[in-house]
Amino acid sequence: MQEKRRDKRTKVTLNLEISSLFKQDNVKVEMADTPIQVVDISRSGIGFQSESSLPLGYYFNACIQLGQEDAKLYCVVKIIRSLRIDDKKYMYGCEFVGMAPVLSYIFDSFESAMSESESMN
């Protein structure tokens, strides 16, 4: 199968919570702190699992910490893909929206650290 992604995905285990979703036309959906488990990340987005059914085309605010304490990404994430993986979980694909290109150094550092970690195993 041909890879369609723009950027290399890196496996991660991060936990986030979504407290609200919104659309560009000021439609807002309040959530009861929905837990999500991020399973991979790239420069252009994240993949995550959740037990909640989330609508496509909605956005949420995220703070993602990759490695060091100062390597935090505050970003807006758009849900673009959804797949039910079993009776209790969904897999989602999301893209980062409006993230400054200058923040790419965070991904460079993280990818480098992950490569070094994998080569030691």
# chains A, B, ... in the order shown; residues from 1 in each chain; ligands from 1
call {"tool": "closest_atom_pairs", "arguments": {"of": "segment 77-121 of chain A", "to": "segment 32-50 of chain A", "cutoff": "8 Å", "atoms": "only C-alpha atoms", "output": "Markdown table"}}
result
| residue | atom | partner | partner_atom | distance |
| --- | --- | --- | --- | --- |
| A:Val77 | CA | A:Gly45 | CA | 7.5 |
| A:Lys89 | CA | A:Ser50 | CA | 5.5 |
| A:Tyr90 | CA | A:Ser50 | CA | 5.5 |
| A:Met91 | CA | A:Gln49 | CA | 4.5 |
| A:Tyr92 | CA | A:Phe48 | CA | 5.3 |
| A:Gly93 | CA | A:Gly47 | CA | 4.7 |
| A:Cys94 | CA | A:Ile46 | CA | 5.3 |
| A:Glu95 | CA | A:Gly45 | CA | 4.0 |
| A:Phe96 | CA | A:Gly45 | CA | 4.9 |
| A:Ser104 | CA | A:Arg43 | CA | 7.1 |
| A:Phe107 | CA | A:Arg43 | CA | 6.6 |
call {"tool": "write_last_selection", "arguments": {"atoms": "C-alpha atoms", "output": "CSV table (one decimal), in the first residue's frame"}}
result
chain,number,residue,atom,x,y,z
A,77,VAL,CA,-6.1,19.9,16.1
A,89,LYS,CA,-12.8,2.1,20.9
A,90,TYR,CA,-12.4,4.4,18.0
A,91,MET,CA,-9.2,5.3,16.1
A,92,TYR,CA,-8.9,8.9,14.9
A,93,GLY,CA,-6.6,10.7,12.6
A,94,CYS,CA,-6.1,14.4,13.1
A,95,GLU,CA,-4.1,17.2,11.6
A,96,PHE,CA,-2.5,20.2,13.2
A,104,SER,CA,9.6,22.1,13.7
A,107,PHE,CA,10.0,17.4,16.1
call {"tool": "select_by_dssp", "arguments": {"residues": "chain A", "states": "strand (DSSP E)", "output": "JSON, numbers by chain"}}
result
{"A": [10, 11, 12, 13, 14, 15, 16, 17, 18, 19, 20, 21, 22, 28, 29, 30, 31, 32, 33, 34, 35, 36, 37, 38, 39, 40, 41, 45, 46, 47, 48, 49, 50, 59, 60, 61, 62, 63, 64, 65, 72, 73, 74, 75, 76, 77, 78, 79, 80, 81, 82, 83, 84, 90, 91, 92, 93, 94, 95, 96, 97]}
call {"tool": "atom_distance", "arguments": {"atom1": "atom CA of Ala62 of chain A", "atom2": "atom CA of Tyr74 of chain A"}}
result
5.8 Å
call {"tool": "closest_atom_pairs", "arguments": {"of": "segment 46-97 of chain A", "to": "segment 15-23 of chain A", "cutoff": "7 Å", "atoms": "only C-alpha atoms", "output": "Markdown table"}}
result
| residue | atom | partner | partner_atom | distance |
| --- | --- | --- | --- | --- |
| A:Tyr58 | CA | A:Lys23 | CA | 5.1 |
| A:Tyr59 | CA | A:Phe22 | CA | 5.2 |
| A:Phe60 | CA | A:Leu21 | CA | 5.0 |
call {"tool": "select_by_dssp", "arguments": {"residues": "chain A", "states": "helix (DSSP H, G or I)", "output": "list in words"}}
result
Pro101, Val102, Leu103, Ser104, Tyr105, Ile106, Phe107, Asp108, Ser109, Phe110, Glu111, Ser112, Ala113, Met114, Ser115, Glu116, Ser117, Glu118, Ser119 and Met120 of chain A
call {"tool": "write_last_selection", "arguments": {"atoms": "N, CA, C and O atoms", "output": "compact mmCIF listing (two decimals), in the first residue's frame"}}
result
# COMPACT_ATOMS: atom_id res chain seq x y z
N PRO A 101 5.65 27.04 11.58
CA PRO A 101 6.73 26.20 11.08
C PRO A 101 7.99 26.26 11.96
O PRO A 101 8.76 25.31 11.98
N VAL A 102 8.17 27.34 12.69
CA VAL A 102 9.35 27.47 13.54
C VAL A 102 9.38 26.40 14.63
O VAL A 102 10.43 26.07 15.16
N LEU A 103 8.23 25.82 14.95
CA LEU A 103 8.17 24.78 15.99
C LEU A 103 8.68 23.42 15.51
O LEU A 103 8.73 22.48 16.27
N SER A 104 9.12 23.33 14.27
CA SER A 104 9.60 22.06 13.74
C SER A 104 10.84 21.56 14.49
O SER A 104 11.12 20.36 14.50
N TYR A 105 11.57 22.46 15.17
CA TYR A 105 12.74 22.02 15.94
C TYR A 105 12.34 21.04 17.04
O TYR A 105 13.11 20.16 17.40
N ILE A 106 11.12 21.16 17.57
CA ILE A 106 10.65 20.23 18.60
C ILE A 106 10.56 18.82 18.02
O ILE A 106 10.98 17.85 18.64
N PHE A 107 10.05 18.71 16.80
CA PHE A 107 9.96 17.40 16.15
C PHE A 107 11.35 16.87 15.80
O PHE A 107 11.61 15.68 15.92
N ASP A 108 12.25 17.75 15.35
CA ASP A 108 13.62 17.32 15.05
C ASP A 108 14.27 16.70 16.28
O ASP A 108 14.85 15.62 16.21
N SER A 109 14.16 17.36 17.42
CA SER A 109 14.75 16.86 18.67
C SER A 109 14.09 15.55 19.10
O SER A 109 14.77 14.61 19.49
N PHE A 110 12.77 15.49 19.00
CA PHE A 110 12.04 14.30 19.42
C PHE A 110 12.39 13.11 18.53
O PHE A 110 12.66 12.01 19.01
N GLU A 111 12.38 13.31 17.21
CA GLU A 111 12.70 12.22 16.28
C GLU A 111 14.13 11.73 16.49
O GLU A 111 14.40 10.54 16.43
N SER A 112 15.05 12.64 16.74
CA SER A 112 16.44 12.28 16.99
C SER A 112 16.55 11.44 18.26
O SER A 112 17.22 10.41 18.28
N ALA A 113 15.88 11.85 19.32
CA ALA A 113 15.91 11.12 20.58
C ALA A 113 15.29 9.73 20.42
O ALA A 113 15.80 8.74 20.95
N MET A 114 14.20 9.63 19.66
CA MET A 114 13.54 8.35 19.44
C MET A 114 14.44 7.42 18.61
O MET A 114 14.52 6.23 18.89
N SER A 115 15.14 7.95 17.61
CA SER A 115 16.05 7.14 16.79
C SER A 115 17.19 6.60 17.63
O SER A 115 17.58 5.44 17.50
N GLU A 116 17.74 7.45 18.49
CA GLU A 116 18.82 7.01 19.37
C GLU A 116 18.34 5.92 20.33
O GLU A 116 19.04 4.93 20.56
N SER A 117 17.13 6.08 20.86
CA SER A 117 16.56 5.10 21.78
C SER A 117 16.35 3.75 21.08
O SER A 117 16.65 2.71 21.64
N GLU A 118 15.85 3.78 19.85
CA GLU A 118 15.61 2.55 19.10
C GLU A 118 16.90 1.84 18.73
O GLU A 118 16.97 0.61 18.74
N SER A 119 17.95 2.60 18.43
CA SER A 119 19.22 1.98 18.05
C SER A 119 19.93 1.34 19.25
O SER A 119 20.76 0.47 19.11
N MET A 120 19.58 1.79 20.47
CA MET A 120 20.18 1.22 21.68
C MET A 120 19.52 -0.11 22.06
O MET A 120 20.08 -0.89 22.79
call {"tool": "atom_distance", "arguments": {"atom1": "atom CA of Lys88 of chain A", "atom2": "atom CA of Leu54 of chain A"}}
result
13.0 Å
call {"tool": "atom_distance", "arguments": {"atom1": "atom CA of Val27 of chain A", "atom2": "atom CA of Leu73 of chain A"}}
result
24.5 Å
